[in-house]
>>> print(open('input_12.cif').read())   # mmCIF, N, CA, C and O atoms
data_data
#
loop_
_atom_site.label_atom_id
_atom_site.label_comp_id
_atom_site.auth_asym_id
_atom_site.auth_seq_id
_atom_site.Cartn_x
_atom_site.Cartn_y
_atom_site.Cartn_z
N MET I 1 23.06 5.22 27.34
CA MET I 1 23.41 5.45 25.94
C MET I 1 24.53 4.51 25.48
O MET I 1 24.51 4.01 24.39
N GLN I 2 25.50 4.28 26.37
CA GLN I 2 26.60 3.39 26.04
C GLN I 2 26.11 1.98 25.71
O GLN I 2 26.57 1.37 24.76
N ASP I 3 25.17 1.47 26.50
CA ASP I 3 24.65 0.13 26.27
C ASP I 3 23.88 0.06 24.95
O ASP I 3 23.98 -0.92 24.23
N LEU I 4 23.14 1.11 24.66
CA LEU I 4 22.39 1.16 23.40
C LEU I 4 23.33 1.13 22.21
O LEU I 4 23.10 0.40 21.25
N LEU I 5 24.41 1.90 22.28
CA LEU I 5 25.38 1.91 21.19
C LEU I 5 26.07 0.55 21.03
O LEU I 5 26.40 0.14 19.93
N SER I 6 26.27 -0.15 22.14
CA SER I 6 26.88 -1.48 22.06
C SER I 6 25.98 -2.47 21.33
O SER I 6 26.45 -3.42 20.72
N LEU I 7 24.67 -2.26 21.39
CA LEU I 7 23.71 -3.16 20.75
C LEU I 7 23.53 -2.90 19.25
O LEU I 7 22.93 -3.71 18.56
N ILE I 8 24.05 -1.79 18.76
CA ILE I 8 23.86 -1.43 17.35
C ILE I 8 24.43 -2.49 16.41
O ILE I 8 23.94 -2.66 15.29
N GLN I 9 25.43 -3.21 16.86
CA GLN I 9 26.05 -4.20 15.98
C GLN I 9 25.06 -5.28 15.52
O GLN I 9 25.19 -5.79 14.41
N TRP I 10 24.06 -5.60 16.33
CA TRP I 10 23.13 -6.66 15.94
C TRP I 10 22.15 -6.23 14.86
O TRP I 10 21.96 -6.96 13.88
N PRO I 11 21.54 -5.04 14.94
CA PRO I 11 20.73 -4.59 13.80
C PRO I 11 21.59 -4.36 12.55
O PRO I 11 21.14 -4.60 11.43
N ALA I 12 22.82 -3.91 12.75
CA ALA I 12 23.72 -3.72 11.61
C ALA I 12 24.00 -5.05 10.92
O ALA I 12 23.99 -5.15 9.69
N PHE I 13 24.24 -6.06 11.72
CA PHE I 13 24.46 -7.41 11.21
C PHE I 13 23.25 -7.89 10.42
O PHE I 13 23.37 -8.37 9.29
N ALA I 14 22.06 -7.75 11.02
CA ALA I 14 20.82 -8.21 10.37
C ALA I 14 20.55 -7.45 9.08
O ALA I 14 20.17 -8.03 8.07
N ALA I 15 20.78 -6.14 9.11
CA ALA I 15 20.56 -5.32 7.90
C ALA I 15 21.54 -5.72 6.80
O ALA I 15 21.15 -5.82 5.63
N SER I 16 22.78 -5.98 7.15
CA SER I 16 23.78 -6.40 6.16
C SER I 16 23.38 -7.72 5.50
O SER I 16 23.49 -7.88 4.28
N LEU I 17 22.94 -8.65 6.31
CA LEU I 17 22.53 -9.96 5.81
C LEU I 17 21.31 -9.85 4.91
O LEU I 17 21.27 -10.42 3.81
N ALA I 18 20.30 -9.10 5.35
CA ALA I 18 19.08 -8.91 4.56
C ALA I 18 19.40 -8.20 3.24
O ALA I 18 18.89 -8.57 2.17
N ALA I 19 20.26 -7.20 3.30
CA ALA I 19 20.63 -6.45 2.10
C ALA I 19 21.35 -7.35 1.09
O ALA I 19 21.06 -7.29 -0.11
N ALA I 20 22.25 -8.17 1.56
CA ALA I 20 22.97 -9.08 0.66
C ALA I 20 21.99 -10.03 -0.03
O ALA I 20 22.11 -10.31 -1.22
N TRP I 21 21.01 -10.52 0.72
CA TRP I 21 19.99 -11.40 0.15
C TRP I 21 19.21 -10.67 -0.95
O TRP I 21 19.00 -11.20 -2.03
N LEU I 22 18.80 -9.45 -0.67
CA LEU I 22 17.99 -8.69 -1.62
C LEU I 22 18.78 -8.26 -2.85
O LEU I 22 18.27 -8.28 -3.97
N VAL I 23 20.03 -7.87 -2.66
CA VAL I 23 20.86 -7.43 -3.79
C VAL I 23 21.12 -8.58 -4.76
O VAL I 23 21.29 -8.37 -5.95
N ALA I 24 21.09 -9.80 -4.27
CA ALA I 24 21.31 -10.97 -5.13
C ALA I 24 20.06 -11.36 -5.92
O ALA I 24 20.10 -12.26 -6.74
N SER I 25 18.96 -10.66 -5.69
CA SER I 25 17.71 -10.97 -6.38
C SER I 25 17.76 -10.61 -7.86
O SER I 25 18.48 -9.69 -8.26
N THR I 26 17.00 -11.32 -8.65
CA THR I 26 16.88 -10.98 -10.07
C THR I 26 15.84 -9.89 -10.30
O THR I 26 15.77 -9.32 -11.38
N ASP I 27 15.07 -9.57 -9.27
CA ASP I 27 14.06 -8.52 -9.36
C ASP I 27 14.68 -7.15 -9.09
O ASP I 27 15.32 -6.94 -8.05
N LYS I 28 14.49 -6.22 -10.02
CA LYS I 28 15.09 -4.89 -9.91
C LYS I 28 14.65 -4.17 -8.64
O LYS I 28 15.46 -3.54 -7.96
N HIS I 29 13.37 -4.24 -8.31
CA HIS I 29 12.85 -3.55 -7.13
C HIS I 29 13.50 -4.09 -5.85
O HIS I 29 13.86 -3.31 -4.96
N ARG I 30 13.64 -5.40 -5.76
CA ARG I 30 14.28 -5.99 -4.57
C ARG I 30 15.75 -5.57 -4.47
O ARG I 30 16.25 -5.30 -3.38
N ARG I 31 16.44 -5.57 -5.62
CA ARG I 31 17.85 -5.13 -5.60
C ARG I 31 17.95 -3.69 -5.12
O ARG I 31 18.83 -3.34 -4.33
N ASN I 32 17.05 -2.85 -5.62
CA ASN I 32 17.05 -1.44 -5.22
C ASN I 32 16.85 -1.30 -3.71
O ASN I 32 17.57 -0.55 -3.04
N ILE I 33 15.89 -2.02 -3.17
CA ILE I 33 15.66 -2.01 -1.72
C ILE I 33 16.90 -2.51 -0.98
O ILE I 33 17.28 -1.96 0.05
N GLY I 34 17.54 -3.53 -1.53
CA GLY I 34 18.75 -4.07 -0.92
C GLY I 34 19.86 -3.04 -0.79
O GLY I 34 20.53 -2.97 0.25
N PHE I 35 20.04 -2.21 -1.81
CA PHE I 35 21.07 -1.18 -1.72
C PHE I 35 20.73 -0.14 -0.65
O PHE I 35 21.61 0.34 0.06
N TRP I 36 19.43 0.20 -0.52
CA TRP I 36 19.03 1.13 0.54
C TRP I 36 19.27 0.53 1.92
O TRP I 36 19.72 1.22 2.84
N ILE I 37 19.00 -0.76 2.06
CA ILE I 37 19.23 -1.42 3.35
C ILE I 37 20.73 -1.52 3.62
O ILE I 37 21.18 -1.36 4.76
N PHE I 38 21.52 -1.75 2.56
CA PHE I 38 22.98 -1.74 2.74
C PHE I 38 23.44 -0.38 3.27
O PHE I 38 24.30 -0.30 4.15
N LEU I 39 22.87 0.70 2.73
CA LEU I 39 23.25 2.03 3.21
C LEU I 39 22.87 2.22 4.69
O LEU I 39 23.64 2.80 5.46
N LEU I 40 21.71 1.70 5.07
CA LEU I 40 21.33 1.73 6.48
C LEU I 40 22.35 0.96 7.32
O LEU I 40 22.78 1.43 8.38
N SER I 41 22.74 -0.21 6.85
CA SER I 41 23.71 -1.00 7.60
C SER I 41 25.05 -0.27 7.69
O SER I 41 25.72 -0.32 8.73
N ASN I 42 25.44 0.44 6.63
CA ASN I 42 26.69 1.22 6.67
C ASN I 42 26.63 2.27 7.77
O ASN I 42 27.59 2.45 8.53
N VAL I 43 25.50 2.95 7.87
CA VAL I 43 25.33 3.98 8.91
C VAL I 43 25.42 3.34 10.30
O VAL I 43 26.10 3.86 11.20
N LEU I 44 24.75 2.21 10.47
CA LEU I 44 24.78 1.53 11.77
C LEU I 44 26.18 1.06 12.12
O LEU I 44 26.64 1.21 13.26
N TRP I 45 26.89 0.48 11.14
CA TRP I 45 28.25 0.02 11.40
C TRP I 45 29.20 1.17 11.71
O TRP I 45 30.09 1.05 12.56
N VAL I 46 29.01 2.30 11.03
CA VAL I 46 29.85 3.47 11.32
C VAL I 46 29.60 3.95 12.75
O VAL I 46 30.54 4.25 13.49
N ALA I 47 28.34 4.01 13.15
CA ALA I 47 28.02 4.42 14.52
C ALA I 47 28.67 3.48 15.53
O ALA I 47 29.28 3.93 16.52
N TRP I 48 28.58 2.19 15.27
CA TRP I 48 29.18 1.22 16.19
C TRP I 48 30.70 1.32 16.15
O TRP I 48 31.37 1.27 17.19
N GLY I 49 31.25 1.48 14.95
CA GLY I 49 32.71 1.59 14.81
C GLY I 49 33.27 2.81 15.52
O GLY I 49 34.33 2.74 16.15
N LEU I 50 32.58 3.92 15.42
CA LEU I 50 33.02 5.13 16.13
C LEU I 50 32.93 4.93 17.64
O LEU I 50 33.83 5.33 18.39
N HIS I 51 31.86 4.29 18.07
CA HIS I 51 31.65 4.03 19.50
C HIS I 51 32.75 3.14 20.08
O HIS I 51 33.18 3.33 21.23
N THR I 52 33.19 2.17 19.30
CA THR I 52 34.19 1.20 19.79
C THR I 52 35.61 1.52 19.34
O THR I 52 36.51 0.73 19.57
N SER I 53 35.78 2.65 18.65
CA SER I 53 37.09 3.05 18.09
C SER I 53 37.62 2.02 17.11
O SER I 53 38.82 1.78 17.03
N ALA I 54 36.73 1.41 16.37
CA ALA I 54 37.12 0.45 15.33
C ALA I 54 37.30 1.22 14.02
O ALA I 54 36.41 1.29 13.18
N TRP I 55 38.47 1.83 13.88
CA TRP I 55 38.71 2.77 12.78
C TRP I 55 38.74 2.09 11.43
O TRP I 55 38.25 2.65 10.43
N ALA I 56 39.31 0.89 11.35
CA ALA I 56 39.34 0.18 10.06
C ALA I 56 37.92 -0.18 9.62
O ALA I 56 37.57 -0.05 8.44
N LEU I 57 37.10 -0.62 10.54
CA LEU I 57 35.70 -0.94 10.23
C LEU I 57 34.96 0.31 9.77
O LEU I 57 34.20 0.26 8.79
N THR I 58 35.19 1.41 10.44
CA THR I 58 34.54 2.67 10.07
C THR I 58 34.96 3.08 8.66
O THR I 58 34.11 3.44 7.83
N ALA I 59 36.25 3.02 8.37
CA ALA I 59 36.74 3.37 7.03
C ALA I 59 36.17 2.43 5.97
O ALA I 59 35.77 2.86 4.89
N LEU I 60 36.12 1.14 6.30
CA LEU I 60 35.55 0.16 5.37
C LEU I 60 34.10 0.49 5.06
O LEU I 60 33.67 0.46 3.90
N GLN I 61 33.33 0.84 6.06
CA GLN I 61 31.90 1.13 5.85
C GLN I 61 31.70 2.39 5.02
O GLN I 61 30.75 2.46 4.23
N VAL I 62 32.56 3.37 5.17
CA VAL I 62 32.47 4.57 4.33
C VAL I 62 32.74 4.20 2.87
O VAL I 62 32.01 4.62 1.96
N CYS I 63 33.76 3.38 2.64
CA CYS I 63 34.07 2.93 1.28
C CYS I 63 32.94 2.07 0.71
O CYS I 63 32.56 2.23 -0.46
N LEU I 64 32.42 1.17 1.51
CA LEU I 64 31.31 0.32 1.05
C LEU I 64 30.05 1.14 0.78
O LEU I 64 29.30 0.83 -0.15
N ALA I 65 29.83 2.19 1.55
CA ALA I 65 28.68 3.07 1.30
C ALA I 65 28.82 3.71 -0.08
O ALA I 65 27.83 3.81 -0.82
N ALA I 66 30.03 4.13 -0.43
CA ALA I 66 30.25 4.71 -1.76
C ALA I 66 29.93 3.68 -2.85
O ALA I 66 29.28 4.01 -3.86
N LEU I 67 30.34 2.45 -2.65
CA LEU I 67 30.03 1.39 -3.62
C LEU I 67 28.54 1.09 -3.66
O LEU I 67 27.98 0.83 -4.73
N ASN I 68 27.89 1.15 -2.52
CA ASN I 68 26.44 0.92 -2.48
C ASN I 68 25.68 2.03 -3.17
O ASN I 68 24.67 1.78 -3.85
N ILE I 69 26.15 3.26 -3.04
CA ILE I 69 25.53 4.37 -3.76
C ILE I 69 25.70 4.18 -5.26
O ILE I 69 24.77 4.38 -6.04
N ARG I 70 26.88 3.74 -5.66
CA ARG I 70 27.13 3.43 -7.08
C ARG I 70 26.17 2.35 -7.57
O ARG I 70 25.54 2.45 -8.62
N GLY I 71 26.01 1.29 -6.78
CA GLY I 71 25.10 0.21 -7.12
C GLY I 71 23.67 0.67 -7.19
O GLY I 71 22.90 0.25 -8.06
N LEU I 72 23.30 1.56 -6.30
CA LEU I 72 21.95 2.10 -6.29
C LEU I 72 21.65 2.85 -7.58
O LEU I 72 20.61 2.64 -8.21
N PHE I 73 22.59 3.68 -8.01
CA PHE I 73 22.40 4.42 -9.26
C PHE I 73 22.35 3.48 -10.47
O PHE I 73 21.54 3.66 -11.38
N LYS I 74 23.20 2.45 -10.47
CA LYS I 74 23.19 1.50 -11.59
C LYS I 74 21.89 0.69 -11.63
O LYS I 74 21.38 0.39 -12.69
N THR I 75 21.35 0.35 -10.47
CA THR I 75 20.11 -0.42 -10.41
C THR I 75 18.94 0.44 -10.87
O THR I 75 18.06 -0.04 -11.59
N GLU I 76 18.93 1.71 -10.49
CA GLU I 76 17.82 2.58 -10.87
C GLU I 76 17.83 2.89 -12.37
O GLU I 76 16.78 3.09 -12.95
N LYS I 77 19.01 2.90 -12.98
CA LYS I 77 19.10 3.18 -14.43
C LYS I 77 18.61 2.01 -15.27
O LYS I 77 18.04 2.21 -16.32
N SER I 78 18.90 0.81 -14.83
CA SER I 78 18.57 -0.37 -15.66
C SER I 78 17.10 -0.69 -15.68
O SER I 78 16.32 -0.26 -14.90
#
>>> encode(input="input_12.cif", output="structure tokens")
Amino acid sequence: MQDLLSLIQWPAFAASLAAAWLVASTDKHRRNIGFWIFLLSNVLWVAWGLHTSAWALTALQVCLAALNIRGLFKTEKS
């Protein structure tokens, strides 16, 4: 289990990168998907941060998740 948790950082990295690409899209549907992927990356980063005792990273991801939820609502309204 410890090794599996150590590997979470790589899918988190990939999800963050893919989400940033999608959120920058001019297409509403792609932006919406991007915010959902950002939320997935937040969950993955929090899991990794808790596993490694990276408290600042964990706090950052919680704050970024709140911003991503805000973005999700704004994208769905427009």
>>> residues_around(input="input_12.cif", residues="Trp48 in chain I", least_positions_apart="2", cutoff="8 Å", atoms="only N, CA, C and O atoms", output="ChimeraX atom specification")
/I:4-9,41-46,50-55,57-58
>>> write_last_selection(input="input_12.cif", atoms="N, CA, C and O atoms", output="mmCIF file, in the frame of the given file")
data_model
loop_
_atom_site.group_PDB
_atom_site.id
_atom_site.type_symbol
_atom_site.label_atom_id
_atom_site.label_comp_id
_atom_site.auth_asym_id
_atom_site.auth_seq_id
_atom_site.Cartn_x
_atom_site.Cartn_y
_atom_site.Cartn_z
ATOM 1 N N LEU I 4 23.140 1.110 24.660
ATOM 2 C CA LEU I 4 22.390 1.160 23.400
ATOM 3 C C LEU I 4 23.330 1.130 22.210
ATOM 4 O O LEU I 4 23.100 0.400 21.250
ATOM 5 N N LEU I 5 24.410 1.900 22.280
ATOM 6 C CA LEU I 5 25.380 1.910 21.190
ATOM 7 C C LEU I 5 26.070 0.550 21.030
ATOM 8 O O LEU I 5 26.400 0.140 19.930
ATOM 9 N N SER I 6 26.270 -0.150 22.140
ATOM 10 C CA SER I 6 26.880 -1.480 22.060
ATOM 11 C C SER I 6 25.980 -2.470 21.330
ATOM 12 O O SER I 6 26.450 -3.420 20.720
ATOM 13 N N LEU I 7 24.670 -2.260 21.390
ATOM 14 C CA LEU I 7 23.710 -3.160 20.750
ATOM 15 C C LEU I 7 23.530 -2.900 19.250
ATOM 16 O O LEU I 7 22.930 -3.710 18.560
ATOM 17 N N ILE I 8 24.050 -1.790 18.760
ATOM 18 C CA ILE I 8 23.860 -1.430 17.350
ATOM 19 C C ILE I 8 24.430 -2.490 16.410
ATOM 20 O O ILE I 8 23.940 -2.660 15.290
ATOM 21 N N GLN I 9 25.430 -3.210 16.860
ATOM 22 C CA GLN I 9 26.050 -4.200 15.980
ATOM 23 C C GLN I 9 25.060 -5.280 15.520
ATOM 24 O O GLN I 9 25.190 -5.790 14.410
ATOM 25 N N SER I 41 22.740 -0.210 6.850
ATOM 26 C CA SER I 41 23.710 -1.000 7.600
ATOM 27 C C SER I 41 25.050 -0.270 7.690
ATOM 28 O O SER I 41 25.720 -0.320 8.730
ATOM 29 N N ASN I 42 25.440 0.440 6.630
ATOM 30 C CA ASN I 42 26.690 1.220 6.670
ATOM 31 C C ASN I 42 26.630 2.270 7.770
ATOM 32 O O ASN I 42 27.590 2.450 8.530
ATOM 33 N N VAL I 43 25.500 2.950 7.870
ATOM 34 C CA VAL I 43 25.330 3.980 8.910
ATOM 35 C C VAL I 43 25.420 3.340 10.300
ATOM 36 O O VAL I 43 26.100 3.860 11.200
ATOM 37 N N LEU I 44 24.750 2.210 10.470
ATOM 38 C CA LEU I 44 24.780 1.530 11.770
ATOM 39 C C LEU I 44 26.180 1.060 12.120
ATOM 40 O O LEU I 44 26.640 1.210 13.260
ATOM 41 N N TRP I 45 26.890 0.480 11.140
ATOM 42 C CA TRP I 45 28.250 0.020 11.400
ATOM 43 C C TRP I 45 29.200 1.170 11.710
ATOM 44 O O TRP I 45 30.090 1.050 12.560
ATOM 45 N N VAL I 46 29.010 2.300 11.030
ATOM 46 C CA VAL I 46 29.850 3.470 11.320
ATOM 47 C C VAL I 46 29.600 3.950 12.750
ATOM 48 O O VAL I 46 30.540 4.250 13.490
ATOM 49 N N LEU I 50 32.580 3.920 15.420
ATOM 50 C CA LEU I 50 33.020 5.130 16.130
ATOM 51 C C LEU I 50 32.930 4.930 17.640
ATOM 52 O O LEU I 50 33.830 5.330 18.390
ATOM 53 N N HIS I 51 31.860 4.290 18.070
ATOM 54 C CA HIS I 51 31.650 4.030 19.500
ATOM 55 C C HIS I 51 32.750 3.140 20.080
ATOM 56 O O HIS I 51 33.180 3.330 21.230
ATOM 57 N N THR I 52 33.190 2.170 19.300
ATOM 58 C CA THR I 52 34.190 1.200 19.790
ATOM 59 C C THR I 52 35.610 1.520 19.340
ATOM 60 O O THR I 52 36.510 0.730 19.570
ATOM 61 N N SER I 53 35.780 2.650 18.650
ATOM 62 C CA SER I 53 37.090 3.050 18.090
ATOM 63 C C SER I 53 37.620 2.020 17.110
ATOM 64 O O SER I 53 38.820 1.780 17.030
ATOM 65 N N ALA I 54 36.730 1.410 16.370
ATOM 66 C CA ALA I 54 37.120 0.450 15.330
ATOM 67 C C ALA I 54 37.300 1.220 14.020
ATOM 68 O O ALA I 54 36.410 1.290 13.180
ATOM 69 N N TRP I 55 38.470 1.830 13.880
ATOM 70 C CA TRP I 55 38.710 2.770 12.780
ATOM 71 C C TRP I 55 38.740 2.090 11.430
ATOM 72 O O TRP I 55 38.250 2.650 10.430
ATOM 73 N N LEU I 57 37.100 -0.620 10.540
ATOM 74 C CA LEU I 57 35.700 -0.940 10.230
ATOM 75 C C LEU I 57 34.960 0.310 9.770
ATOM 76 O O LEU I 57 34.200 0.260 8.790
ATOM 77 N N THR I 58 35.190 1.410 10.440
ATOM 78 C CA THR I 58 34.540 2.670 10.070
ATOM 79 C C THR I 58 34.960 3.080 8.660
ATOM 80 O O THR I 58 34.110 3.440 7.830
#
>>> residues_around(input="input_12.cif", residues="Ile69 in chain I", least_positions_apart="4", cutoff="8 Å", atoms="all atoms listed in the file", output="PDB file with N, CA, C and O atoms, in the coordinates of the input")
ATOM      1  N   PHE I  35      20.040  -2.210  -1.810  1.00  0.00           N
ATOM      2  CA  PHE I  35      21.070  -1.180  -1.720  1.00  0.00           C
ATOM      3  C   PHE I  35      20.730  -0.140  -0.650  1.00  0.00           C
ATOM      4  O   PHE I  35      21.610   0.340   0.060  1.00  0.00           O
ATOM      5  N   TRP I  36      19.430   0.200  -0.520  1.00  0.00           N
ATOM      6  CA  TRP I  36      19.030   1.130   0.540  1.00  0.00           C
ATOM      7  C   TRP I  36      19.270   0.530   1.920  1.00  0.00           C
ATOM      8  O   TRP I  36      19.720   1.220   2.840  1.00  0.00           O
ATOM      9  N   PHE I  38      21.520  -1.750   2.560  1.00  0.00           N
ATOM     10  CA  PHE I  38      22.980  -1.740   2.740  1.00  0.00           C
ATOM     11  C   PHE I  38      23.440  -0.380   3.270  1.00  0.00           C
ATOM     12  O   PHE I  38      24.300  -0.300   4.150  1.00  0.00           O
ATOM     13  N   LEU I  39      22.870   0.700   2.730  1.00  0.00           N
ATOM     14  CA  LEU I  39      23.250   2.030   3.210  1.00  0.00           C
ATOM     15  C   LEU I  39      22.870   2.220   4.690  1.00  0.00           C
ATOM     16  O   LEU I  39      23.640   2.800   5.460  1.00  0.00           O
ATOM     17  N   VAL I  62      32.560   3.370   5.170  1.00  0.00           N
ATOM     18  CA  VAL I  62      32.470   4.570   4.330  1.00  0.00           C
ATOM     19  C   VAL I  62      32.740   4.200   2.870  1.00  0.00           C
ATOM     20  O   VAL I  62      32.010   4.620   1.960  1.00  0.00           O
ATOM     21  N   CYS I  63      33.760   3.380   2.640  1.00  0.00           N
ATOM     22  CA  CYS I  63      34.070   2.930   1.280  1.00  0.00           C
ATOM     23  C   CYS I  63      32.940   2.070   0.710  1.00  0.00           C
ATOM     24  O   CYS I  63      32.560   2.230  -0.460  1.00  0.00           O
ATOM     25  N   LEU I  64      32.420   1.170   1.510  1.00  0.00           N
ATOM     26  CA  LEU I  64      31.310   0.320   1.050  1.00  0.00           C
ATOM     27  C   LEU I  64      30.050   1.140   0.780  1.00  0.00           C
ATOM     28  O   LEU I  64      29.300   0.830  -0.150  1.00  0.00           O
ATOM     29  N   ALA I  65      29.830   2.190   1.550  1.00  0.00           N
ATOM     30  CA  ALA I  65      28.680   3.070   1.300  1.00  0.00           C
ATOM     31  C   ALA I  65      28.820   3.710  -0.080  1.00  0.00           C
ATOM     32  O   ALA I  65      27.830   3.810  -0.820  1.00  0.00           O
ATOM     33  N   PHE I  73      22.590   3.680  -8.010  1.00  0.00           N
ATOM     34  CA  PHE I  73      22.400   4.420  -9.260  1.00  0.00           C
ATOM     35  C   PHE I  73      22.350   3.480 -10.470  1.00  0.00           C
ATOM     36  O   PHE I  73      21.540   3.660 -11.380  1.00  0.00           O
ATOM     37  N   LYS I  74      23.200   2.450 -10.470  1.00  0.00           N
ATOM     38  CA  LYS I  74      23.190   1.500 -11.590  1.00  0.00           C
ATOM     39  C   LYS I  74      21.890   0.690 -11.630  1.00  0.00           C
ATOM     40  O   LYS I  74      21.380   0.390 -12.690  1.00  0.00           O
ATOM     41  N   THR I  75      21.350   0.350 -10.470  1.00  0.00           N
ATOM     42  CA  THR I  75      20.110  -0.420 -10.410  1.00  0.00           C
ATOM     43  C   THR I  75      18.940   0.440 -10.870  1.00  0.00           C
ATOM     44  O   THR I  75      18.060  -0.040 -11.590  1.00  0.00           O
ATOM     45  N   GLU I  76      18.930   1.710 -10.490  1.00  0.00           N
ATOM     46  CA  GLU I  76      17.820   2.580 -10.870  1.00  0.00           C
ATOM     47  C   GLU I  76      17.830   2.890 -12.370  1.00  0.00           C
ATOM     48  O   GLU I  76      16.780   3.090 -12.950  1.00  0.00           O
TER      49      GLU I  76
END
>>> atom_distance(input="input_12.cif", atom1="CA of Trp21 in chain I", atom2="CA of Leu40 in chain I")
14.6 Å
>>> residues_around(input="input_12.cif", residues="Arg30 in chain I", least_positions_apart="3", cutoff="12 Å", atoms="only C-alpha atoms", output="ChimeraX atom specification")
/I:18-27,33-37,72,75-76
>>> atom_distance(input="input_12.cif", atom1="atom O of Gly71 in chain I", atom2="atom O of Gly49 in chain I")
26.9 Å
>>> atom_distance(input="input_12.cif", atom1="atom O of Asn32 in chain I", atom2="atom O of Asn68 in chain I")
7.5 Å
>>> axis_aligned_box(input="input_12.cif", around="range 7-15 of chain I", padding_each_side="6 Å", output="lines of an AutoDock Vina configuration file")
center_x = 23.1
center_y = -4.9
center_z = 13.5
size_x = 17.9
size_y = 18.9
size_z = 27.8
